[in-house]
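*Asks:* Input my_file.cif, format and content: mmCIF, C-alpha atoms and all ligand atoms.
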```cif
data_target
#
loop_
_atom_site.label_atom_id
_atom_site.label_comp_id
_atom_site.auth_asym_id
_atom_site.auth_seq_id
_atom_site.Cartn_x
_atom_site.Cartn_y
_atom_site.Cartn_z
CA MET A 1 23.30 19.35 8.11
CA SER A 2 23.40 15.96 9.79
CA LYS A 3 21.89 13.00 8.05
CA ARG A 4 18.40 11.77 8.76
CA GLY A 5 17.00 8.27 8.86
CA ALA A 6 15.68 6.64 5.70
CA PHE A 7 11.93 6.29 5.18
CA VAL A 8 11.34 2.86 3.63
CA VAL A 9 7.86 1.65 2.62
CA ILE A 10 6.90 -1.91 1.74
CA GLU A 11 3.88 -2.22 -0.53
CA GLY A 12 2.00 -4.98 -2.30
CA LEU A 13 -1.25 -6.89 -2.69
CA ASP A 14 -2.81 -8.70 0.25
CA ARG A 15 -0.75 -11.82 1.13
CA SER A 16 2.27 -10.59 -0.79
CA GLY A 17 4.45 -11.14 2.31
CA LYS A 18 4.85 -7.50 3.39
CA SER A 19 4.31 -7.95 7.11
CA THR A 20 6.60 -10.99 7.35
CA GLN A 21 9.32 -9.20 5.41
CA ALA A 22 8.94 -5.96 7.36
CA GLU A 23 9.44 -7.91 10.61
CA THR A 24 12.48 -9.74 9.25
CA LEU A 25 13.95 -6.45 8.09
CA ILE A 26 13.46 -4.67 11.40
CA LYS A 27 15.14 -7.57 13.24
CA ARG A 28 18.07 -7.32 10.89
CA LEU A 29 18.35 -3.57 11.46
CA GLN A 30 18.20 -4.03 15.22
CA ALA A 31 20.84 -6.76 15.08
CA ALA A 32 23.05 -4.30 13.19
CA ASP A 33 22.44 -1.63 15.88
CA ILE A 34 20.76 0.69 13.39
CA PRO A 35 18.12 2.82 15.17
CA SER A 36 14.86 1.81 13.51
CA LYS A 37 11.14 1.59 13.98
CA LEU A 38 8.45 -0.52 12.33
CA ILE A 39 5.08 1.07 11.66
CA LYS A 40 2.07 -0.22 9.76
CA PHE A 41 -0.95 1.25 7.98
CA PRO A 42 -3.74 0.95 8.71
CA ASP A 43 -2.71 1.43 12.32
CA ARG A 44 -5.75 -0.30 13.81
CA SER A 45 -4.92 0.76 17.39
CA THR A 46 -6.04 4.42 17.15
CA PRO A 47 -9.72 5.53 17.32
CA ILE A 48 -9.69 6.07 13.53
CA GLY A 49 -7.91 2.74 13.09
CA LYS A 50 -10.67 0.99 15.01
CA LEU A 51 -13.28 2.34 12.57
CA ILE A 52 -11.13 1.10 9.68
CA ASP A 53 -10.73 -2.32 11.29
CA SER A 54 -14.46 -2.67 11.76
CA TYR A 55 -15.06 -1.68 8.11
CA LEU A 56 -12.46 -4.15 6.81
CA ARG A 57 -14.07 -6.95 8.81
CA SER A 58 -17.44 -5.98 7.28
CA GLU A 59 -18.86 -5.24 10.71
CA THR A 60 -19.81 -1.72 9.59
CA GLU A 61 -20.74 -0.10 6.31
CA LEU A 62 -19.25 3.25 5.36
CA ASP A 63 -19.47 5.48 2.32
CA ASP A 64 -16.53 4.78 -0.03
CA HIS A 65 -15.37 8.39 0.17
CA ALA A 66 -15.57 8.39 3.97
CA ILE A 67 -13.50 5.23 4.41
CA HIS A 68 -10.92 6.52 1.95
CA LEU A 69 -10.55 9.72 3.98
CA LEU A 70 -10.28 7.71 7.20
CA PHE A 71 -7.39 5.66 5.79
CA SER A 72 -5.64 8.93 4.92
CA ALA A 73 -6.47 10.52 8.30
CA ASN A 74 -4.93 7.45 9.93
CA ARG A 75 -1.65 8.37 8.19
CA TRP A 76 -1.93 12.05 9.10
CA GLU A 77 -2.32 11.01 12.75
CA LEU A 78 1.23 9.65 12.62
CA ALA A 79 2.80 12.07 10.13
CA SER A 80 4.45 14.39 12.64
CA SER A 81 5.91 11.52 14.65
CA ILE A 82 7.31 9.98 11.43
CA VAL A 83 9.04 13.28 10.61
CA LYS A 84 10.37 13.59 14.16
CA ASP A 85 11.80 10.07 14.15
CA LEU A 86 13.43 10.49 10.73
CA GLU A 87 15.01 13.76 11.77
CA ALA A 88 16.34 12.10 14.92
CA GLY A 89 18.14 9.61 12.67
CA THR A 90 15.74 6.67 13.07
CA VAL A 91 15.06 4.47 10.05
CA ILE A 92 11.32 3.98 9.52
CA ILE A 93 10.12 0.75 7.97
CA CYS A 94 6.50 1.20 7.00
CA ASP A 95 4.19 -1.69 6.10
CA ARG A 96 1.83 -0.07 3.52
CA TYR A 97 1.40 3.67 2.99
CA ALA A 98 -0.47 6.19 0.84
CA PHE A 99 0.12 4.06 -2.28
CA SER A 100 -2.12 1.32 -0.88
CA GLY A 101 -4.67 4.00 -0.11
CA ILE A 102 -4.78 5.10 -3.74
CA ALA A 103 -4.58 1.63 -5.30
CA PHE A 104 -7.24 -0.02 -3.12
CA SER A 105 -9.76 2.84 -3.32
CA ALA A 106 -9.31 3.81 -6.97
CA SER A 107 -9.83 0.15 -7.94
CA LYS A 108 -13.27 -0.05 -6.38
CA VAL A 109 -16.16 -0.62 -8.78
CA ALA A 110 -19.91 -0.77 -8.19
CA PRO A 111 -21.07 -4.33 -7.49
CA SER A 112 -23.37 -4.17 -10.54
CA ALA A 113 -20.38 -3.17 -12.65
CA GLN A 114 -18.45 -6.34 -11.85
CA PRO A 115 -17.16 -7.86 -15.09
CA ASP A 116 -18.57 -11.06 -16.53
CA ALA A 117 -22.20 -10.31 -15.65
CA PRO A 118 -24.00 -10.76 -19.01
CA THR A 119 -26.10 -7.72 -19.83
CA THR A 120 -29.30 -7.65 -21.86
CA THR A 121 -30.12 -5.15 -24.61
CA PRO A 122 -33.59 -3.49 -24.85
CA THR A 123 -34.41 -5.97 -27.61
CA GLY A 124 -33.69 -8.84 -25.24
CA SER A 125 -30.56 -10.21 -26.88
CA ASN A 126 -27.65 -11.08 -24.66
CA ILE A 127 -24.38 -9.20 -24.92
CA ALA A 128 -21.38 -11.42 -24.38
CA PRO A 129 -19.52 -10.81 -21.11
CA THR A 130 -16.72 -8.32 -21.55
CA HIS A 131 -13.42 -8.17 -19.70
CA LYS A 132 -13.19 -4.43 -20.05
CA THR A 133 -12.33 -2.69 -16.77
CA PRO A 134 -15.57 -1.36 -15.28
CA PRO A 135 -15.80 2.35 -14.38
CA PRO A 136 -14.28 3.28 -11.01
CA LEU A 137 -16.46 4.39 -8.07
CA LEU A 138 -13.93 7.03 -7.03
CA PRO A 139 -11.90 9.12 -9.49
CA TYR A 140 -8.17 8.41 -9.34
CA SER A 141 -7.22 12.07 -8.82
CA TRP A 142 -9.74 12.39 -5.98
CA CYS A 143 -8.16 9.34 -4.31
CA ARG A 144 -4.72 10.96 -4.45
CA SER A 145 -5.69 14.29 -2.91
CA PRO A 146 -5.97 13.59 0.83
CA ASP A 147 -2.43 12.19 1.03
CA VAL A 148 -0.82 15.17 -0.72
CA SER A 149 1.87 16.75 1.54
CA LEU A 150 2.43 13.66 3.70
CA PRO A 151 6.11 12.82 4.20
CA ALA A 152 7.30 10.99 1.07
CA PRO A 153 9.20 7.71 1.34
CA ASP A 154 12.82 7.65 0.17
CA LEU A 155 12.35 4.11 -1.05
CA THR A 156 9.29 2.00 -1.78
CA LEU A 157 9.73 -1.75 -2.19
CA PHE A 158 6.83 -3.29 -4.07
CA LEU A 159 6.56 -7.03 -3.42
CA ASP A 160 5.06 -8.19 -6.66
CA ILE A 161 2.93 -11.29 -6.69
CA LEU A 162 0.28 -12.54 -9.11
CA PRO A 163 -3.24 -12.19 -7.67
CA GLU A 164 -3.88 -15.88 -8.40
CA VAL A 165 -0.83 -16.83 -6.33
CA ALA A 166 -1.77 -14.45 -3.47
CA SER A 167 -5.30 -15.82 -3.36
CA GLN A 168 -3.94 -19.35 -2.77
CA ARG A 169 -1.99 -18.26 0.30
CA ALA A 170 -3.32 -19.02 3.80
CA GLY A 171 -5.66 -16.43 5.27
CA PHE A 172 -6.68 -14.82 1.95
CA GLY A 173 -10.33 -13.83 1.70
CA GLY A 174 -10.94 -12.98 5.35
CA GLU A 175 -11.42 -9.25 4.83
CA ARG A 176 -13.03 -6.80 2.46
CA TYR A 177 -11.10 -6.33 -0.83
CA GLU A 178 -9.58 -9.81 -0.54
CA ASN A 179 -10.96 -11.27 -3.74
CA GLN A 180 -9.03 -11.98 -6.90
CA GLU A 181 -10.87 -9.52 -9.19
CA HIS A 182 -10.29 -6.60 -6.86
CA GLN A 183 -6.64 -7.57 -6.36
CA GLU A 184 -6.14 -7.68 -10.14
CA ARG A 185 -7.37 -4.10 -10.45
CA VAL A 186 -5.28 -3.09 -7.41
CA ARG A 187 -2.17 -4.46 -9.12
CA GLU A 188 -2.91 -2.38 -12.24
CA LEU A 189 -3.44 0.72 -10.12
CA PHE A 190 -0.14 0.13 -8.34
CA GLU A 191 1.55 0.16 -11.76
CA ARG A 192 0.10 3.59 -12.43
CA VAL A 193 1.18 4.84 -9.01
CA ALA A 194 4.70 3.47 -9.60
CA GLU A 195 4.99 5.32 -12.92
CA GLU A 196 3.96 8.56 -11.28
CA VAL A 197 6.33 8.15 -8.33
CA GLU A 198 9.18 7.44 -10.74
CA ALA A 199 8.27 10.45 -12.90
CA GLU A 200 8.18 12.76 -9.86
CA GLY A 201 11.66 11.60 -8.91
CA ILE A 202 11.05 12.19 -5.20
CA GLY A 203 11.52 8.66 -3.90
CA LYS A 204 12.70 5.48 -5.54
CA TRP A 205 10.23 2.68 -6.43
CA VAL A 206 11.65 -0.82 -6.71
CA VAL A 207 9.67 -3.89 -7.80
CA LEU A 208 10.80 -7.15 -6.16
CA ASN A 209 9.58 -10.65 -6.89
CA GLY A 210 7.33 -11.53 -3.94
CA GLY A 211 6.71 -15.02 -5.30
CA LEU A 212 10.17 -16.30 -4.33
CA GLU A 213 11.06 -18.20 -1.14
CA LEU A 214 10.91 -16.09 2.04
CA GLN A 215 14.67 -15.97 2.44
CA GLU A 216 15.27 -15.00 -1.17
CA VAL A 217 12.81 -12.11 -0.80
CA SER A 218 14.52 -11.02 2.45
CA GLU A 219 17.87 -11.00 0.69
CA SER A 220 16.58 -8.97 -2.23
CA ILE A 221 15.10 -6.46 0.22
CA TRP A 222 18.34 -6.26 2.18
CA SER A 223 20.40 -5.60 -0.91
CA GLU A 224 18.10 -2.70 -1.79
CA VAL A 225 18.11 -1.10 1.66
CA LYS A 226 21.48 -1.86 3.23
CA GLU A 227 23.29 1.17 1.92
CA VAL A 228 20.64 3.78 2.65
CA VAL A 229 19.85 2.45 6.13
CA ARG A 230 23.54 2.38 7.13
CA GLN A 231 24.49 5.72 5.64
CA GLY A 232 21.34 7.73 6.31
CA VAL A 233 19.90 10.33 3.94
CA GLU A 234 21.56 13.66 3.20
CA GLY A 235 18.74 15.61 1.58
CA GLU A 236 15.56 17.00 3.04
CA LEU A 237 12.51 14.81 3.48
CA GLY A 238 10.18 15.07 0.46
CA ASN A 239 6.41 15.37 0.40
CA VAL A 240 3.79 13.37 -1.44
CA LYS A 241 2.92 15.42 -4.53
CA ARG A 242 -0.35 16.00 -6.30
N1 LIG B 301 -5.92 -0.49 2.61
C1 LIG B 301 -4.79 -0.16 3.30
C2 LIG B 301 -6.69 0.48 2.00
O1 LIG B 301 -7.71 0.18 1.39
N2 LIG B 301 -6.31 1.79 2.10
C3 LIG B 301 -5.18 2.17 2.78
O2 LIG B 301 -4.88 3.36 2.85
C4 LIG B 301 -4.39 1.14 3.41
C5 LIG B 301 -3.18 1.53 4.18
O3 LIG B 301 -6.62 -2.28 3.90
N3 LIG B 301 -6.61 -4.97 2.00
C6 LIG B 301 -6.36 -1.89 2.58
C7 LIG B 301 -5.36 -2.88 2.06
C8 LIG B 301 -5.71 -4.16 2.80
C9 LIG B 301 -6.43 -3.68 4.05
O4 LIG B 301 -4.36 -3.88 5.28
C10 LIG B 301 -5.74 -3.97 5.35
P1 LIG B 301 -3.45 -5.00 6.00
O5 LIG B 301 -2.04 -4.64 5.61
O6 LIG B 301 -3.90 -6.31 5.46
O7 LIG B 301 -3.71 -4.85 7.47
MG MG B 302 -4.52 -7.90 4.55
#
```
Turn this file's structure into structure tokens for me.
Ligand code: NYM
Ligand code: MG
*Replies:*
Amino acid sequence: MSKRGAFVVIEGLDRSGKSTQAETLIKRLQAADIPSKLIKFPDRSTPIGKLIDSYLRSETELDDHAIHLLFSANRWELASSIVKDLEAGTVIICDRYAFSGIAFSASKVAPSAQPDAPTTTPTGSNIAPTHKTPPPLLPYSWCRSPDVSLPAPDLTLFLDILPEVASQRAGFGGERYENQEHQERVRELFERVAEEVEAEGIGKWVVLNGGLELQEVSESIWSEVKEVVRQGVEGELGNVKR
């Protein structure tokens, strides 16, 4: 069996540098004459992607379940072309994937359940604000389901950055979910996703320091991918598991 292209996903919080790094990486692959393609989720160009874009800009309201399913459907729209490209030997660099879908949706909480809002007991006495994580709007396992069976990445690079650092970067706050509290919960959810991916043993999950200088991050990415993108992958493409 001939080798296929590697499926590499870059994940992280908003403003963690994913898009910049994905572009740098694809240029490097092209300069090395390695057949490669850059894709991004959400893909805002499709009809489903346009609904997602409008939701993220707060131009439309959608039920939390519905938007979650649309994000997943947006991946399913491209799933067969991803498989085709990988089998043809093309490396796929993917800016966000199903892991963002799980982490961003499963970290949603009801506005009234935001931490730090002092609550009042029936007797009128104030309860001190707690920093306990409020209950999620969508169960974690429900959030995972729609992406089950999608092609699984061979390698996921998580650009780790502290939410307080990300929130200081230019452009932060323009879209839904771009607030520090949500990003803190997203980061915790990503940790859970990472543990599960590692336990499944289907693809590799690597955490890289996204707080370094651009070039240092690019180099750390390159040292993780260079072998697999040059040599291709021997085994069959995996699937996202339940
Ligand atoms: N996002 C992204 C989700 O909530 N679910 C998903 O499945 C995906 C792929 O959309 N805040 C969120 C993460 C981001 C936002 O992504 C838009 P980007 O990479 O900023 O365009
Ligand atoms: Mg963003």
*Asks:* Go through A:Val193, A:Leu237, A:Leu70, A:Ala166 and flag the residue nearest ligand MG 302 (chain B), using only C-alpha atoms and all ligand atoms for the distances.
*Replies:*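 Selected residue with least distance to ligand MG 302 (chain B): A:Ala166.
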*Asks:* Ligand LIG 301 (chain B): which residues are within 7 Å, counting all atoms listed in the file, as a short mmCIF file (atom, residue, chain, number, x, y, z; two decimals) with C-alpha atoms, keeping the file's coordinate frame?
*Replies:*
```cif
data_model
loop_
_atom_site.label_atom_id
_atom_site.label_comp_id
_atom_site.auth_asym_id
_atom_site.auth_seq_id
_atom_site.Cartn_x
_atom_site.Cartn_y
_atom_site.Cartn_z
CA ASP A 14 -2.81 -8.70 0.25
CA PHE A 41 -0.95 1.25 7.98
CA PRO A 42 -3.74 0.95 8.71
CA LEU A 56 -12.46 -4.15 6.81
CA HIS A 68 -10.92 6.52 1.95
CA PHE A 71 -7.39 5.66 5.79
CA SER A 72 -5.64 8.93 4.92
CA ASP A 95 4.19 -1.69 6.10
CA ARG A 96 1.83 -0.07 3.52
CA TYR A 97 1.40 3.67 2.99
CA ALA A 98 -0.47 6.19 0.84
CA SER A 100 -2.12 1.32 -0.88
CA GLY A 101 -4.67 4.00 -0.11
CA ILE A 102 -4.78 5.10 -3.74
CA PHE A 104 -7.24 -0.02 -3.12
CA SER A 105 -9.76 2.84 -3.32
CA ARG A 176 -13.03 -6.80 2.46
CA TYR A 177 -11.10 -6.33 -0.83
CA GLU A 178 -9.58 -9.81 -0.54
#
```
*Asks:* Which value, in Å to one decimal, gives the distance between CA of Val240 in chain A and CA of Leu62 in chain A?
*Replies:* 26.1 Å
*Asks:* Can you tell me, as a ChimeraX atom specification, which residues sit within 12 Å of (12.9, 16.0, -7.0) in the file's frame, using only C-alpha atoms?
*Replies:* /A:152,154,197-204,235-241
*Asks:* Please report the interatomic distance between CA of Ser80 in chain A and CA of Ala106 in chain A in Å with one decimal.
*Replies:*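 Atom-to-atom, CA of Ser80 in chain A to CA of Ala106 in chain A, that is 26.2 Å.
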*Asks:* Go through A:Val207, A:Arg4, A:Arg242, A:Asn179 one by one, measure the shortest atom-to-atom distance of each to Thr90 in chain A using all atoms listed in the file, and give the residue with the smallest value.
*Replies:*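 Closest to Thr90 in chain A, using all atoms listed in the file: A:Arg4.
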*Asks:* A:Val9, A:Arg15, A:Ala194, A:Glu227: which is nearest Gly171 in chain A, counting only C-alpha atoms?
*Replies:*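 Using only C-alpha atoms, the shortest distance to Gly171 in chain A belongs to A:Arg15.
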*Asks:* Any idea what's packed within 10 Å of Arg230 in chain A, counting all atoms listed in the file, ignoring anything in its chain fewer than 4 positions away? Could you give it as a ChimeraX atom specification?
*Replies:* /A:5-6,29,32-35,91,225-226
*Asks:* Rank nothing, just name the residue among A:Ser2, A:Ser19, A:Gln180, A:Thr46 nearest to ligand MG 302 (chain B), using all atoms listed in the file.
*Replies:*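 Distance minimum relative to ligand MG 302 (chain B) lands on A:Ser19.
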*Asks:* Measuring atom to atom with only C-alpha atoms, identify which of A:Leu212, A:Ala110, A:Ala73, A:Leu155 is nearest to Val229 in chain A.
*Replies:*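 Of A:Leu212, A:Ala110, A:Ala73, A:Leu155, the one nearest Val229 in chain A, counting only C-alpha atoms, is A:Leu155.
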*Asks:* Rounded to one decimal place, report the CA of Ser218 in chain A-CA of Gly17 in chain A distance in Å.
*Replies:* 10.1 Å
*Asks:* With only C-alpha atoms as the basis for distance, which of A:Leu137, A:Ala88, A:Ile93, A:Val165 is at the shortest distance from Leu38 in chain A?
*Replies:*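 Ranked by minimum distance to Leu38 in chain A, first place goes to A:Ile93.
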